[in-house]
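A quick write-up on the structure given underneath.
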Amino acid sequence: KQEVTQIPAALSVPEGENLVLNCSFTDSAIYNLQWFRQDPGKGLTSLLLIQSSQREQTSGRLNASLDKSSGRSTLYIAASQPGDSATYLCAVRHDSWGKFQFGAGTQVVVTP
Amino acid sequence: DGGITQSPKYLFRKEGQNVTLSCEQNLNHDAMYWYRQDPGQGLRLIYYSQIVNDFQKGDIAEGYSVSREKKESFPLTVTSAQKNPTAFYLCASTRTSNSYNEQFFGPGTRLTVL
């Protein structure tokens, strides 16, 4: 059974510092991996989707990498801002039809 | 605007009552999902549906039921058999027809048992 882990569970950084968020998964036979942001009491907002054939994906200040062989993905957020404070979750999928497996998330606080 | 709507935003249930949470999408997505989120925890899958008139149990289906009579709609009923239903419920959808099948979420329904 696939297990998805996000460490650390919480992270606090000063404004301007780069954020590095980790996601580990036990079964490397994934179809894709998706990173989300969740603000308190809200739904999830999709940030980046990486296909299994890709090594990385970029959008603005966000960059996500994928290393299937080691079962890891990393989300980098450059030059963090207080507005980046949120919980970040990753999810993996094994085929185009099936279900997603989520990590528990990393709660990020960016202090001014 | 395309997206997923969930209603109501807040819902209160008395002991022994069944309640139904609504989820509607206009993204023309084939697959729809229901998740439960408890404080400090990740998302747990309740039910999912890949096609109209078909659905599968997720990891925590006991005490819940669903229907998928239309592609756009995937309502979730929380029955009286669910002993601890207080949680945040999230509905999601994806395409299944190509490789870039990003999952999108609704704003959620917060259910509280009185």
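Residue names in the structure tokens use chain letters A, B, ... in the order shown, residue numbers from 1 in each chain, and ligand numbers from 1 in the order shown.
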task = May I have all residues of chain A that DSSP, computed from the backbone, assigns to strand (DSSP E or B), given as a VMD selection string?
result = chain A and resid 4 to 5 10 to 14 19 to 25 32 to 38 44 to 51 56 to 59 62 to 67 72 to 77 86 to 93 100 to 102 106 to 111
What's around segment 2-14 of chain B at 9 Å? Count only C-alpha atoms, leave out sequence neighbours fewer than 5 positions away in its own chain, and write the answer as a PDB file with all heavy atoms, in the first residue's frame.
```
ATOM      1  N   VAL B  19     -27.778  13.405   6.741  1.00  0.00           N
ATOM      2  CA  VAL B  19     -27.648  14.687   6.053  1.00  0.00           C
ATOM      3  C   VAL B  19     -26.940  14.458   4.726  1.00  0.00           C
ATOM      4  O   VAL B  19     -26.128  13.542   4.591  1.00  0.00           O
ATOM      5  CB  VAL B  19     -26.853  15.724   6.884  1.00  0.00           C
ATOM      6  CG1 VAL B  19     -27.654  16.139   8.112  1.00  0.00           C
ATOM      7  CG2 VAL B  19     -25.493  15.194   7.283  1.00  0.00           C
ATOM      8  N   LEU B  21     -24.650  16.217   1.610  1.00  0.00           N
ATOM      9  CA  LEU B  21     -23.769  17.287   1.171  1.00  0.00           C
ATOM     10  C   LEU B  21     -23.770  17.304  -0.354  1.00  0.00           C
ATOM     11  O   LEU B  21     -23.627  16.255  -0.999  1.00  0.00           O
ATOM     12  CB  LEU B  21     -22.351  17.058   1.683  1.00  0.00           C
ATOM     13  CG  LEU B  21     -22.050  17.334   3.153  1.00  0.00           C
ATOM     14  CD1 LEU B  21     -22.883  16.474   4.095  1.00  0.00           C
ATOM     15  CD2 LEU B  21     -20.566  17.140   3.423  1.00  0.00           C
ATOM     16  N   SER B  22     -23.889  18.507  -0.897  1.00  0.00           N
ATOM     17  CA  SER B  22     -23.974  18.642  -2.345  1.00  0.00           C
ATOM     18  C   SER B  22     -22.604  18.953  -2.944  1.00  0.00           C
ATOM     19  O   SER B  22     -21.809  19.700  -2.362  1.00  0.00           O
ATOM     20  CB  SER B  22     -24.944  19.768  -2.690  1.00  0.00           C
ATOM     21  OG  SER B  22     -24.885  20.097  -4.064  1.00  0.00           O
ATOM     22  N   CYS B  23     -22.327  18.387  -4.129  1.00  0.00           N
ATOM     23  CA  CYS B  23     -21.128  18.696  -4.899  1.00  0.00           C
ATOM     24  C   CYS B  23     -21.495  18.737  -6.377  1.00  0.00           C
ATOM     25  O   CYS B  23     -22.025  17.758  -6.915  1.00  0.00           O
ATOM     26  CB  CYS B  23     -20.038  17.670  -4.661  1.00  0.00           C
ATOM     27  SG  CYS B  23     -18.561  17.967  -5.662  1.00  0.00           S
ATOM     28  N   GLU B  24     -21.222  19.865  -7.008  1.00  0.00           N
ATOM     29  CA  GLU B  24     -21.520  20.038  -8.426  1.00  0.00           C
ATOM     30  C   GLU B  24     -20.281  20.594  -9.126  1.00  0.00           C
ATOM     31  O   GLU B  24     -19.616  21.490  -8.595  1.00  0.00           O
ATOM     32  CB  GLU B  24     -22.661  21.037  -8.624  1.00  0.00           C
ATOM     33  CG  GLU B  24     -23.952  20.686  -7.904  1.00  0.00           C
ATOM     34  CD  GLU B  24     -24.824  19.738  -8.706  1.00  0.00           C
ATOM     35  OE1 GLU B  24     -24.684  19.703  -9.943  1.00  0.00           O
ATOM     36  OE2 GLU B  24     -25.652  19.034  -8.083  1.00  0.00           O
ATOM     37  N   GLN B  25     -20.000  20.065 -10.349  1.00  0.00           N
ATOM     38  CA  GLN B  25     -18.871  20.590 -11.120  1.00  0.00           C
ATOM     39  C   GLN B  25     -19.304  20.859 -12.563  1.00  0.00           C
ATOM     40  O   GLN B  25     -20.119  20.115 -13.113  1.00  0.00           O
ATOM     41  CB  GLN B  25     -17.665  19.625 -11.066  1.00  0.00           C
ATOM     42  CG  GLN B  25     -17.945  18.202 -11.505  1.00  0.00           C
ATOM     43  CD  GLN B  25     -17.583  17.861 -12.927  1.00  0.00           C
ATOM     44  OE1 GLN B  25     -17.084  18.701 -13.682  1.00  0.00           O
ATOM     45  NE2 GLN B  25     -17.838  16.624 -13.323  1.00  0.00           N
ATOM     46  N   ASN B  26     -18.752  21.933 -13.131  1.00  0.00           N
ATOM     47  CA  ASN B  26     -19.038  22.261 -14.533  1.00  0.00           C
ATOM     48  C   ASN B  26     -17.758  22.235 -15.356  1.00  0.00           C
ATOM     49  O   ASN B  26     -17.611  22.978 -16.340  1.00  0.00           O
ATOM     50  CB  ASN B  26     -19.745  23.606 -14.636  1.00  0.00           C
ATOM     51  CG  ASN B  26     -18.914  24.750 -14.093  1.00  0.00           C
ATOM     52  OD1 ASN B  26     -17.764  24.550 -13.696  1.00  0.00           O
ATOM     53  ND2 ASN B  26     -19.480  25.944 -14.064  1.00  0.00           N
ATOM     54  N   LEU B  27     -16.825  21.362 -14.947  1.00  0.00           N
ATOM     55  CA  LEU B  27     -15.537  21.228 -15.634  1.00  0.00           C
ATOM     56  C   LEU B  27     -15.551  20.103 -16.657  1.00  0.00           C
ATOM     57  O   LEU B  27     -14.536  19.843 -17.306  1.00  0.00           O
ATOM     58  CB  LEU B  27     -14.449  20.953 -14.582  1.00  0.00           C
ATOM     59  CG  LEU B  27     -14.275  22.052 -13.518  1.00  0.00           C
ATOM     60  CD1 LEU B  27     -13.422  21.546 -12.356  1.00  0.00           C
ATOM     61  CD2 LEU B  27     -13.667  23.293 -14.149  1.00  0.00           C
ATOM     62  N   PRO B  85     -19.079  12.021  12.773  1.00  0.00           N
ATOM     63  CA  PRO B  85     -19.074  12.693  11.479  1.00  0.00           C
ATOM     64  C   PRO B  85     -18.551  14.122  11.489  1.00  0.00           C
ATOM     65  O   PRO B  85     -18.394  14.719  10.428  1.00  0.00           O
ATOM     66  CB  PRO B  85     -20.547  12.677  11.080  1.00  0.00           C
ATOM     67  CG  PRO B  85     -21.260  12.739  12.384  1.00  0.00           C
ATOM     68  CD  PRO B  85     -20.429  11.963  13.361  1.00  0.00           C
ATOM     69  N   THR B  86     -18.303  14.681  12.644  1.00  0.00           N
ATOM     70  CA  THR B  86     -17.825  16.067  12.697  1.00  0.00           C
ATOM     71  C   THR B  86     -16.472  16.165  12.002  1.00  0.00           C
ATOM     72  O   THR B  86     -15.501  15.553  12.439  1.00  0.00           O
ATOM     73  CB  THR B  86     -17.707  16.546  14.150  1.00  0.00           C
ATOM     74  OG1 THR B  86     -19.012  16.597  14.727  1.00  0.00           O
ATOM     75  CG2 THR B  86     -17.080  17.938  14.216  1.00  0.00           C
ATOM     76  N   LEU B  90     -14.493  17.563   1.718  1.00  0.00           N
ATOM     77  CA  LEU B  90     -14.023  18.167   0.476  1.00  0.00           C
ATOM     78  C   LEU B  90     -14.376  17.287  -0.709  1.00  0.00           C
ATOM     79  O   LEU B  90     -14.185  16.072  -0.684  1.00  0.00           O
ATOM     80  CB  LEU B  90     -12.513  18.366   0.526  1.00  0.00           C
ATOM     81  CG  LEU B  90     -12.040  19.466   1.478  1.00  0.00           C
ATOM     82  CD1 LEU B  90     -10.593  19.263   1.857  1.00  0.00           C
ATOM     83  CD2 LEU B  90     -12.234  20.833   0.833  1.00  0.00           C
ATOM     84  N   CYS B  91     -14.878  17.928  -1.751  1.00  0.00           N
ATOM     85  CA  CYS B  91     -15.207  17.256  -2.997  1.00  0.00           C
ATOM     86  C   CYS B  91     -14.175  17.656  -4.043  1.00  0.00           C
ATOM     87  O   CYS B  91     -13.694  18.810  -4.044  1.00  0.00           O
ATOM     88  CB  CYS B  91     -16.607  17.668  -3.443  1.00  0.00           C
ATOM     89  SG  CYS B  91     -17.147  16.978  -5.005  1.00  0.00           S
ATOM     90  N   ALA B  92     -13.812  16.742  -4.924  1.00  0.00           N
ATOM     91  CA  ALA B  92     -12.808  17.027  -5.948  1.00  0.00           C
ATOM     92  C   ALA B  92     -13.200  16.332  -7.252  1.00  0.00           C
ATOM     93  O   ALA B  92     -14.042  15.430  -7.267  1.00  0.00           O
ATOM     94  CB  ALA B  92     -11.425  16.566  -5.500  1.00  0.00           C
ATOM     95  N   SER B  93     -12.573  16.759  -8.339  1.00  0.00           N
ATOM     96  CA  SER B  93     -12.818  16.116  -9.628  1.00  0.00           C
ATOM     97  C   SER B  93     -11.571  16.174 -10.496  1.00  0.00           C
ATOM     98  O   SER B  93     -10.701  17.043 -10.307  1.00  0.00           O
ATOM     99  CB  SER B  93     -13.997  16.775 -10.350  1.00  0.00           C
ATOM    100  OG  SER B  93     -13.658  18.070 -10.817  1.00  0.00           O
ATOM    101  N   PHE B 104      -8.977  19.065  -9.028  1.00  0.00           N
ATOM    102  CA  PHE B 104      -9.476  20.345  -8.553  1.00  0.00           C
ATOM    103  C   PHE B 104     -10.436  20.100  -7.389  1.00  0.00           C
ATOM    104  O   PHE B 104     -11.162  19.114  -7.378  1.00  0.00           O
ATOM    105  CB  PHE B 104     -10.204  21.095  -9.664  1.00  0.00           C
ATOM    106  CG  PHE B 104      -9.296  21.562 -10.761  1.00  0.00           C
ATOM    107  CD1 PHE B 104      -9.079  20.771 -11.871  1.00  0.00           C
ATOM    108  CD2 PHE B 104      -8.657  22.786 -10.675  1.00  0.00           C
ATOM    109  CE1 PHE B 104      -8.231  21.180 -12.886  1.00  0.00           C
ATOM    110  CE2 PHE B 104      -7.811  23.211 -11.684  1.00  0.00           C
ATOM    111  CZ  PHE B 104      -7.599  22.409 -12.795  1.00  0.00           C
ATOM    112  N   PHE B 105     -10.448  21.051  -6.446  1.00  0.00           N
ATOM    113  CA  PHE B 105     -11.251  20.912  -5.245  1.00  0.00           C
ATOM    114  C   PHE B 105     -12.308  22.001  -5.117  1.00  0.00           C
ATOM    115  O   PHE B 105     -12.133  23.122  -5.594  1.00  0.00           O
ATOM    116  CB  PHE B 105     -10.355  20.977  -4.000  1.00  0.00           C
ATOM    117  CG  PHE B 105      -9.673  19.679  -3.692  1.00  0.00           C
ATOM    118  CD1 PHE B 105      -8.529  19.305  -4.379  1.00  0.00           C
ATOM    119  CD2 PHE B 105     -10.181  18.831  -2.718  1.00  0.00           C
ATOM    120  CE1 PHE B 105      -7.906  18.101  -4.100  1.00  0.00           C
ATOM    121  CE2 PHE B 105      -9.564  17.626  -2.428  1.00  0.00           C
ATOM    122  CZ  PHE B 105      -8.423  17.261  -3.129  1.00  0.00           C
ATOM    123  N   GLY B 106     -13.398  21.648  -4.430  1.00  0.00           N
ATOM    124  CA  GLY B 106     -14.391  22.621  -4.037  1.00  0.00           C
ATOM    125  C   GLY B 106     -13.992  23.307  -2.742  1.00  0.00           C
ATOM    126  O   GLY B 106     -12.963  22.959  -2.135  1.00  0.00           O
ATOM    127  N   PRO B 107     -14.806  24.255  -2.260  1.00  0.00           N
ATOM    128  CA  PRO B 107     -14.454  25.025  -1.057  1.00  0.00           C
ATOM    129  C   PRO B 107     -14.701  24.296   0.253  1.00  0.00           C
ATOM    130  O   PRO B 107     -14.266  24.755   1.305  1.00  0.00           O
ATOM    131  CB  PRO B 107     -15.343  26.256  -1.161  1.00  0.00           C
ATOM    132  CG  PRO B 107     -16.519  25.784  -1.940  1.00  0.00           C
ATOM    133  CD  PRO B 107     -15.996  24.770  -2.917  1.00  0.00           C
ATOM    134  N   GLY B 108     -15.409  23.169   0.214  1.00  0.00           N
ATOM    135  CA  GLY B 108     -15.611  22.374   1.421  1.00  0.00           C
ATOM    136  C   GLY B 108     -16.908  22.660   2.160  1.00  0.00           C
ATOM    137  O   GLY B 108     -17.512  23.730   2.021  1.00  0.00           O
ATOM    138  N   THR B 109     -17.341  21.661   2.933  1.00  0.00           N
ATOM    139  CA  THR B 109     -18.484  21.774   3.838  1.00  0.00           C
ATOM    140  C   THR B 109     -18.024  21.344   5.223  1.00  0.00           C
ATOM    141  O   THR B 109     -17.460  20.259   5.377  1.00  0.00           O
ATOM    142  CB  THR B 109     -19.658  20.884   3.397  1.00  0.00           C
ATOM    143  OG1 THR B 109     -20.205  21.378   2.173  1.00  0.00           O
ATOM    144  CG2 THR B 109     -20.755  20.860   4.465  1.00  0.00           C
ATOM    145  N   ARG B 110     -18.290  22.196   6.210  1.00  0.00           N
ATOM    146  CA  ARG B 110     -17.933  21.838   7.594  1.00  0.00           C
ATOM    147  C   ARG B 110     -19.174  21.294   8.287  1.00  0.00           C
ATOM    148  O   ARG B 110     -20.162  22.007   8.445  1.00  0.00           O
ATOM    149  CB  ARG B 110     -17.379  23.047   8.349  1.00  0.00           C
ATOM    150  CG  ARG B 110     -16.867  22.664   9.739  1.00  0.00           C
ATOM    151  CD  ARG B 110     -16.004  23.742  10.336  1.00  0.00           C
ATOM    152  NE  ARG B 110     -14.822  24.030   9.548  1.00  0.00           N
ATOM    153  CZ  ARG B 110     -13.705  23.318   9.552  1.00  0.00           C
ATOM    154  NH1 ARG B 110     -13.619  22.233  10.316  1.00  0.00           N
ATOM    155  NH2 ARG B 110     -12.681  23.682   8.823  1.00  0.00           N
ATOM    156  N   LEU B 111     -19.114  20.036   8.681  1.00  0.00           N
ATOM    157  CA  LEU B 111     -20.230  19.362   9.340  1.00  0.00           C
ATOM    158  C   LEU B 111     -19.960  19.246  10.833  1.00  0.00           C
ATOM    159  O   LEU B 111     -18.884  18.800  11.236  1.00  0.00           O
ATOM    160  CB  LEU B 111     -20.432  17.971   8.734  1.00  0.00           C
ATOM    161  CG  LEU B 111     -21.462  17.063   9.407  1.00  0.00           C
ATOM    162  CD1 LEU B 111     -22.859  17.665   9.321  1.00  0.00           C
ATOM    163  CD2 LEU B 111     -21.456  15.682   8.769  1.00  0.00           C
ATOM    164  N   THR B 112     -20.944  19.642  11.619  1.00  0.00           N
ATOM    165  CA  THR B 112     -20.831  19.556  13.076  1.00  0.00           C
ATOM    166  C   THR B 112     -22.033  18.790  13.631  1.00  0.00           C
ATOM    167  O   THR B 112     -23.175  19.069  13.246  1.00  0.00           O
ATOM    168  CB  THR B 112     -20.798  20.962  13.711  1.00  0.00           C
ATOM    169  OG1 THR B 112     -19.702  21.701  13.148  1.00  0.00           O
ATOM    170  CG2 THR B 112     -20.623  20.873  15.220  1.00  0.00           C
ATOM    171  N   VAL B 113     -21.753  17.859  14.512  1.00  0.00           N
ATOM    172  CA  VAL B 113     -22.821  17.118  15.175  1.00  0.00           C
ATOM    173  C   VAL B 113     -23.171  17.802  16.486  1.00  0.00           C
ATOM    174  O   VAL B 113     -22.283  18.087  17.294  1.00  0.00           O
ATOM    175  CB  VAL B 113     -22.392  15.673  15.444  1.00  0.00           C
ATOM    176  CG1 VAL B 113     -23.462  14.952  16.270  1.00  0.00           C
ATOM    177  CG2 VAL B 113     -22.173  14.945  14.144  1.00  0.00           C
ATOM    178  N   LEU B 114     -24.456  18.084  16.682  1.00  0.00           N
ATOM    179  CA  LEU B 114     -24.897  18.784  17.885  1.00  0.00           C
ATOM    180  C   LEU B 114     -25.171  17.801  19.013  1.00  0.00           C
ATOM    181  O   LEU B 114     -25.546  16.650  18.767  1.00  0.00           O
ATOM    182  CB  LEU B 114     -26.149  19.605  17.578  1.00  0.00           C
ATOM    183  CG  LEU B 114     -25.967  20.674  16.490  1.00  0.00           C
ATOM    184  CD1 LEU B 114     -27.302  21.307  16.169  1.00  0.00           C
ATOM    185  CD2 LEU B 114     -24.950  21.705  16.929  1.00  0.00           C
TER     186      LEU B 114
END
```
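Of the residues listed (A:Thr87, A:Ser28, A:Tyr76, A:Gly103), A:Tyr76 shows the shortest atom-to-atom separation from Ser59 of chain A; distances use only C-alpha atoms.
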message = With only C-alpha atoms considered, list every residue of chain B at most 12 Å from chain A, as a ChimeraX atom specification.
response = /B:3-6,9-10,29-51,55-59,87-110
ask   = So which residues touch Leu11 of chain A within 10 Å, counting only C-alpha atoms, skipping near sequence neighbours fewer than 4 positions away, as a ChimeraX atom specification?
value = /A:7,19-21,85,87,106-110
